[in-house]
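J.: There's a structure below that I have some questions on.
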Amino acid sequence: MPGAPSEAARPLLLQGQDYLFRSPPKCLDFQEQVHRLGMVDEGDGNPQPCVLVLARAADMEMNELSIALAERGIRMARIDADRCVDLPLSVYTDQPLVELDRWLLRPLLVWRRHFELSAVPVEPGTLAGAYAVDQWASVANWLSSRSDWAHVNPSRFSTHLDRLTQLSDASAFGLRVPRTAVTTRPGRTRPGGGRCIVKTAGRHLLEPRPGVQHGLFPRPLETSRASDAPEPAPVIVQEYVPSDTELRVFVVGERCIAFQVDKLDPAQLWVDPDAVRVTPTSVPSSLSDRLLALARHWRVQVAAFDLLVTGSDHVFLEINVNCDWRWFEHRAGDNSVSAAVHDWVALRFKELLGAGRAR
């Protein structure tokens, strides 16, 4: 293609990436569908207590939660980033109430997951598109931090939980972390002096167009890379830590649920998922105590820790607040995380309802 940059001239983490995920904006939420079809009692007109989710249509974890909460008699409502244009929504500032479509709701618990502004279905680069994204950014941030109701993984804490803050905090809590540098010249920077891995300092998925996501996955830093080849933005360079296997540990409230993840390449989880082996495993109490302490410190209630296992030691890589657990459960044939999340959300909702307030 004329004018297209060569592979070597592209940013390092965009080279050789062939992961592409299309996220359709089709509603699969059970509760939303039955309410729209008029298959439920209209109620007495009083505000209905609910769990409010800010997500996107393809968030299958939240679609599954909708069914689980319906079975427990708990109303769940949602605002999806990829379906929010022309949404009938009114939020009252003097009362903790939300009018969504024709329903008057009183959120007790709010959970923001995958509500990415890049998913808002507007024309990129247009004034109208910029206007809509800016308005939704302000309102979504306010909904995600408003003190009238309780939150799962409150955004006022988790928004600033970048990978570099994670590493410094994990080290302070006694976890081993890889030697790390942040640089626009990865060829000149090798923490530890040996093999290194390059990672994104931001998100693993970019969405330049609504509904089309591209992966930014960890990759080895080639020893032949020229030292004077600059990156257009800083990346993370970490020492390569040889490991026996990996762990993904889901924290749900005060529980740790772990899976052993065996793969040959850091990006294999996304580019060749069928070759990844996932098995349920236990977590040593010394490790679970540290992870739970970190989760409390960061004020997150549902999250996933990624760690390397090197002999009897564990190396912290990162925490994923918008963690997706269904894929790991499917590979392992184990639904313990889903059950724990559904139980935790239902219990927290009932605690808030019983307290008669939303904090």
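The chains in the structure tokens are called A, B, ... from first to last as shown; in each chain the residues are counted from 1, and the ligands are counted from 1 in the order shown.
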Would you kindly return, as JSON, numbers by chain, each protein, DNA or RNA residue with an atom no farther than 12 Å from any atom of Leu247 (chain A), considering only C-alpha atoms and excluding same-chain residues fewer than 4 positions away?
T.: {"A": [243, 256, 257, 258, 259, 260, 261, 262, 263, 277, 278, 279, 280, 281, 282, 283, 284, 287, 288, 304, 305, 306, 307, 308, 309, 310, 313, 314, 315, 316, 317, 318, 319, 328]}
J.: Would you list the contacts of region 232-242 of chain A as a ChimeraX atom specification, taking every protein, DNA or RNA residue within 12 Å and counting only C-alpha atoms, but skipping same-chain residues closer than 5 positions in sequence?
T.: /A:9-14,162-164,167,176-203,216-222,264-266,307-311,313-317
J.: Out of A:Asn46, A:Ala77, A:His151, A:Asp86, which residue has the shortest atom-to-atom distance to Gln31 (chain A) when counting only C-alpha atoms?
T.: A:Ala77
J.: Name the residues of region 85-169 of chain A that come out as alpha helix (DSSP H) in a backbone DSSP run; write them as a PyMOL selection string.
T.: chain A and resi 127-143+155-158+163-169
J.: Kindly export the residues of the current selection with N, CA, C and O atoms, as a JSON list (two decimals), in the first residue's frame.
T.:
[["chain", "number", "residue", "atom", "x", "y", "z"],
["A", 127, "LEU", "N", -17.04, 16.93, 14.84],
["A", 127, "LEU", "CA", -17.41, 17.77, 15.98],
["A", 127, "LEU", "C", -18.52, 17.12, 16.80],
["A", 127, "LEU", "O", -18.46, 17.08, 18.03],
["A", 128, "ALA", "N", -19.52, 16.56, 16.11],
["A", 128, "ALA", "CA", -20.62, 15.91, 16.82],
["A", 128, "ALA", "C", -20.12, 14.69, 17.60],
["A", 128, "ALA", "O", -20.56, 14.43, 18.72],
["A", 129, "GLY", "N", -19.18, 13.95, 17.01],
["A", 129, "GLY", "CA", -18.62, 12.80, 17.69],
["A", 129, "GLY", "C", -17.84, 13.19, 18.93],
["A", 129, "GLY", "O", -17.99, 12.58, 20.00],
["A", 130, "ALA", "N", -17.01, 14.21, 18.80],
["A", 130, "ALA", "CA", -16.23, 14.69, 19.94],
["A", 130, "ALA", "C", -17.14, 15.20, 21.04],
["A", 130, "ALA", "O", -16.88, 15.00, 22.24],
["A", 131, "TYR", "N", -18.23, 15.86, 20.65],
["A", 131, "TYR", "CA", -19.19, 16.38, 21.62],
["A", 131, "TYR", "C", -19.81, 15.24, 22.44],
["A", 131, "TYR", "O", -19.85, 15.28, 23.67],
["A", 132, "ALA", "N", -20.29, 14.20, 21.74],
["A", 132, "ALA", "CA", -20.95, 13.09, 22.42],
["A", 132, "ALA", "C", -19.99, 12.36, 23.36],
["A", 132, "ALA", "O", -20.35, 12.04, 24.51],
["A", 133, "VAL", "N", -18.77, 12.10, 22.90],
["A", 133, "VAL", "CA", -17.78, 11.40, 23.73],
["A", 133, "VAL", "C", -17.44, 12.22, 24.97],
["A", 133, "VAL", "O", -17.34, 11.68, 26.08],
["A", 134, "ASP", "N", -17.29, 13.54, 24.80],
["A", 134, "ASP", "CA", -16.93, 14.39, 25.94],
["A", 134, "ASP", "C", -18.05, 14.42, 26.97],
["A", 134, "ASP", "O", -17.79, 14.36, 28.18],
["A", 135, "GLN", "N", -19.30, 14.51, 26.52],
["A", 135, "GLN", "CA", -20.42, 14.52, 27.46],
["A", 135, "GLN", "C", -20.51, 13.20, 28.21],
["A", 135, "GLN", "O", -20.68, 13.17, 29.43],
["A", 136, "TRP", "N", -20.37, 12.08, 27.48],
["A", 136, "TRP", "CA", -20.46, 10.78, 28.13],
["A", 136, "TRP", "C", -19.28, 10.55, 29.07],
["A", 136, "TRP", "O", -19.43, 9.90, 30.12],
["A", 137, "ALA", "N", -18.13, 11.07, 28.73],
["A", 137, "ALA", "CA", -16.98, 10.94, 29.63],
["A", 137, "ALA", "C", -17.27, 11.59, 30.98],
["A", 137, "ALA", "O", -17.03, 11.00, 32.04],
["A", 138, "SER", "N", -17.81, 12.78, 30.95],
["A", 138, "SER", "CA", -18.10, 13.49, 32.20],
["A", 138, "SER", "C", -19.17, 12.79, 33.01],
["A", 138, "SER", "O", -19.04, 12.59, 34.23],
["A", 139, "VAL", "N", -20.25, 12.39, 32.35],
["A", 139, "VAL", "CA", -21.37, 11.76, 33.07],
["A", 139, "VAL", "C", -20.99, 10.39, 33.59],
["A", 139, "VAL", "O", -21.30, 10.03, 34.74],
["A", 140, "ALA", "N", -20.28, 9.59, 32.78],
["A", 140, "ALA", "CA", -19.88, 8.26, 33.22],
["A", 140, "ALA", "C", -18.91, 8.34, 34.40],
["A", 140, "ALA", "O", -19.01, 7.54, 35.35],
["A", 141, "ASN", "N", -17.97, 9.27, 34.35],
["A", 141, "ASN", "CA", -17.04, 9.43, 35.47],
["A", 141, "ASN", "C", -17.77, 9.85, 36.74],
["A", 141, "ASN", "O", -17.43, 9.40, 37.84],
["A", 142, "TRP", "N", -18.77, 10.69, 36.60],
["A", 142, "TRP", "CA", -19.55, 11.12, 37.76],
["A", 142, "TRP", "C", -20.36, 9.96, 38.33],
["A", 142, "TRP", "O", -20.37, 9.73, 39.54],
["A", 143, "LEU", "N", -21.03, 9.21, 37.45],
["A", 143, "LEU", "CA", -21.79, 8.05, 37.92],
["A", 143, "LEU", "C", -20.89, 7.04, 38.61],
["A", 143, "LEU", "O", -21.30, 6.38, 39.57],
["A", 155, "SER", "N", -13.96, 3.87, 40.90],
["A", 155, "SER", "CA", -13.09, 4.45, 39.87],
["A", 155, "SER", "C", -12.17, 5.51, 40.43],
["A", 155, "SER", "O", -11.09, 5.75, 39.88],
["A", 156, "ARG", "N", -12.55, 6.16, 41.53],
["A", 156, "ARG", "CA", -11.66, 7.20, 42.09],
["A", 156, "ARG", "C", -10.36, 6.59, 42.61],
["A", 156, "ARG", "O", -9.39, 7.30, 42.82],
["A", 157, "PHE", "N", -10.36, 5.27, 42.81],
["A", 157, "PHE", "CA", -9.13, 4.58, 43.20],
["A", 157, "PHE", "C", -8.54, 3.79, 42.02],
["A", 157, "PHE", "O", -7.36, 3.90, 41.73],
["A", 158, "SER", "N", -9.39, 3.01, 41.33],
["A", 158, "SER", "CA", -8.87, 2.11, 40.31],
["A", 158, "SER", "C", -8.45, 2.82, 39.03],
["A", 158, "SER", "O", -7.60, 2.31, 38.29],
["A", 163, "ARG", "N", 0.05, 0.38, 35.69],
["A", 163, "ARG", "CA", 0.96, -0.75, 35.91],
["A", 163, "ARG", "C", 2.18, -0.36, 36.74],
["A", 163, "ARG", "O", 2.70, -1.18, 37.50],
["A", 164, "LEU", "N", 2.65, 0.83, 36.60],
["A", 164, "LEU", "CA", 3.85, 1.24, 37.33],
["A", 164, "LEU", "C", 3.55, 1.45, 38.81],
["A", 164, "LEU", "O", 4.35, 1.07, 39.68],
["A", 165, "THR", "N", 2.39, 2.03, 39.10],
["A", 165, "THR", "CA", 1.97, 2.13, 40.50],
["A", 165, "THR", "C", 1.77, 0.74, 41.10],
["A", 165, "THR", "O", 2.14, 0.49, 42.25],
["A", 166, "GLN", "N", 1.19, -0.17, 40.31],
["A", 166, "GLN", "CA", 1.00, -1.54, 40.78],
["A", 166, "GLN", "C", 2.32, -2.18, 41.20],
["A", 166, "GLN", "O", 2.42, -2.82, 42.25],
["A", 167, "LEU", "N", 3.35, -2.01, 40.36],
["A", 167, "LEU", "CA", 4.65, -2.63, 40.65],
["A", 167, "LEU", "C", 5.26, -2.09, 41.94],
["A", 167, "LEU", "O", 5.76, -2.85, 42.78],
["A", 168, "SER", "N", 5.22, -0.78, 42.11],
["A", 168, "SER", "CA", 5.83, -0.19, 43.31],
["A", 168, "SER", "C", 5.06, -0.60, 44.56],
["A", 168, "SER", "O", 5.66, -0.90, 45.60],
["A", 169, "ASP", "N", 3.73, -0.64, 44.47],
["A", 169, "ASP", "CA", 2.93, -1.04, 45.63],
["A", 169, "ASP", "C", 3.13, -2.52, 45.94],
["A", 169, "ASP", "O", 3.23, -2.91, 47.12]]
J.: List as a VMD selection string the protein and nucleic acid residues near region 58-67 of chain A, meaning an atom at most 10 Å away when only C-alpha atoms are counted, but skip any in the same chain fewer than 6 places from it.
T.: chain A and resid 22 to 32 51 73 to 78 80 82 111 113 to 115 211 323 to 327 338 to 339 341 to 343 345 to 346
J.: What lies within 12 Å of Ala355 (chain A) using only C-alpha atoms, ignoring chain neighbours under 6 positions off, as a list in words?
T.: Leu108, Trp149, Ala150, Arg348 and Phe349 of chain A
J.: Pull all heavy atoms from the residues just selected and write them as a PDB file, in the first residue's frame.
T.:
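part_15.pdb was written with the following content:
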ATOM      1  N   LEU A 108     -28.139   1.029  44.208  1.00  0.00           N
ATOM      2  CA  LEU A 108     -27.454   0.828  45.478  1.00  0.00           C
ATOM      3  C   LEU A 108     -25.984   0.496  45.252  1.00  0.00           C
ATOM      4  O   LEU A 108     -25.138   0.851  46.070  1.00  0.00           O
ATOM      5  CB  LEU A 108     -28.116  -0.294  46.275  1.00  0.00           C
ATOM      6  CG  LEU A 108     -29.571  -0.103  46.700  1.00  0.00           C
ATOM      7  CD1 LEU A 108     -30.007  -1.254  47.595  1.00  0.00           C
ATOM      8  CD2 LEU A 108     -29.768   1.219  47.420  1.00  0.00           C
ATOM      9  N   TRP A 149     -24.203   6.243  46.215  1.00  0.00           N
ATOM     10  CA  TRP A 149     -24.337   4.792  46.174  1.00  0.00           C
ATOM     11  C   TRP A 149     -22.965   4.139  46.318  1.00  0.00           C
ATOM     12  O   TRP A 149     -21.926   4.801  46.200  1.00  0.00           O
ATOM     13  CB  TRP A 149     -25.025   4.338  44.889  1.00  0.00           C
ATOM     14  CG  TRP A 149     -24.633   5.097  43.649  1.00  0.00           C
ATOM     15  CD1 TRP A 149     -23.399   5.152  43.080  1.00  0.00           C
ATOM     16  CD2 TRP A 149     -25.484   5.911  42.842  1.00  0.00           C
ATOM     17  NE1 TRP A 149     -23.426   5.933  41.958  1.00  0.00           N
ATOM     18  CE2 TRP A 149     -24.699   6.420  41.782  1.00  0.00           C
ATOM     19  CE3 TRP A 149     -26.847   6.242  42.891  1.00  0.00           C
ATOM     20  CZ2 TRP A 149     -25.218   7.248  40.786  1.00  0.00           C
ATOM     21  CZ3 TRP A 149     -27.352   7.066  41.895  1.00  0.00           C
ATOM     22  CH2 TRP A 149     -26.554   7.566  40.866  1.00  0.00           C
ATOM     23  N   ALA A 150     -22.968   2.849  46.566  1.00  0.00           N
ATOM     24  CA  ALA A 150     -21.717   2.107  46.714  1.00  0.00           C
ATOM     25  C   ALA A 150     -21.208   1.683  45.341  1.00  0.00           C
ATOM     26  O   ALA A 150     -21.949   1.687  44.351  1.00  0.00           O
ATOM     27  CB  ALA A 150     -21.925   0.888  47.605  1.00  0.00           C
ATOM     28  N   ARG A 348     -23.776  -8.082  48.830  1.00  0.00           N
ATOM     29  CA  ARG A 348     -23.507  -6.645  49.024  1.00  0.00           C
ATOM     30  C   ARG A 348     -24.767  -5.831  48.782  1.00  0.00           C
ATOM     31  O   ARG A 348     -25.047  -4.878  49.517  1.00  0.00           O
ATOM     32  CB  ARG A 348     -22.399  -6.210  48.076  1.00  0.00           C
ATOM     33  CG  ARG A 348     -21.984  -4.745  48.246  1.00  0.00           C
ATOM     34  CD  ARG A 348     -21.290  -4.530  49.568  1.00  0.00           C
ATOM     35  NE  ARG A 348     -20.850  -3.156  49.709  1.00  0.00           N
ATOM     36  CZ  ARG A 348     -21.130  -2.388  50.765  1.00  0.00           C
ATOM     37  NH1 ARG A 348     -21.857  -2.881  51.767  1.00  0.00           N
ATOM     38  NH2 ARG A 348     -20.674  -1.159  50.840  1.00  0.00           N
ATOM     39  N   PHE A 349     -25.534  -6.194  47.760  1.00  0.00           N
ATOM     40  CA  PHE A 349     -26.784  -5.497  47.482  1.00  0.00           C
ATOM     41  C   PHE A 349     -27.740  -5.598  48.675  1.00  0.00           C
ATOM     42  O   PHE A 349     -28.348  -4.602  49.082  1.00  0.00           O
ATOM     43  CB  PHE A 349     -27.432  -6.082  46.230  1.00  0.00           C
ATOM     44  CG  PHE A 349     -28.773  -5.482  45.886  1.00  0.00           C
ATOM     45  CD1 PHE A 349     -28.864  -4.336  45.124  1.00  0.00           C
ATOM     46  CD2 PHE A 349     -29.946  -6.092  46.325  1.00  0.00           C
ATOM     47  CE1 PHE A 349     -30.096  -3.782  44.804  1.00  0.00           C
ATOM     48  CE2 PHE A 349     -31.173  -5.542  46.012  1.00  0.00           C
ATOM     49  CZ  PHE A 349     -31.253  -4.386  45.246  1.00  0.00           C
TER      50      PHE A 349
END
J.: Measuring atom to atom with only C-alpha atoms, identify which of A:Ala170, A:Val321, A:Trp344, A:Trp298 is nearest to Gly253 (chain A).
T.: A:Trp344
J.: Need to verify the contact set: Gln213 (chain A), 6 Å, only C-alpha atoms, exclusion of same-chain residues closer than 6 positions in sequence. Can you return it as number ranges by chain?
T.: A: 20-21, 205-207
J.: Find the distance between CA of Glu246 (chain A) and CA of His214 (chain A) and write it in Å to one decimal.
T.: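 Straight-line distance from CA of Glu246 (chain A) to CA of His214 (chain A) works out to 23.9 Å.
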J.: Point out the residue among A:Ala275, A:Gln33, A:Arg83, A:Gly215 with the least atom-to-atom distance to Ala119 (chain A), counting only C-alpha atoms.
T.: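 Looking only at the distances to Ala119 (chain A), the closest residue turns out to be A:Arg83.
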J.: Apply DSSP to the backbone of this structure and, from region 240-340 of chain A, keep only the residues in strand (DSSP E or B); write these as a PyMOL selection string.
T.: chain A and resi 245-252+255-262+277-281+302-310+313-320
J.: Report, in Å to a single decimal, how far apart CA of Pro49 (chain A) and CA of Leu105 (chain A) are.
T.: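 Taking CA of Leu105 (chain A) and CA of Pro49 (chain A), their separation equals 5.9 Å.
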J.: Quick one, how far is CA of Gln301 (chain A) from CA of Gln48 (chain A)?
T.: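 Distance between the two atoms: 24.5 Å.
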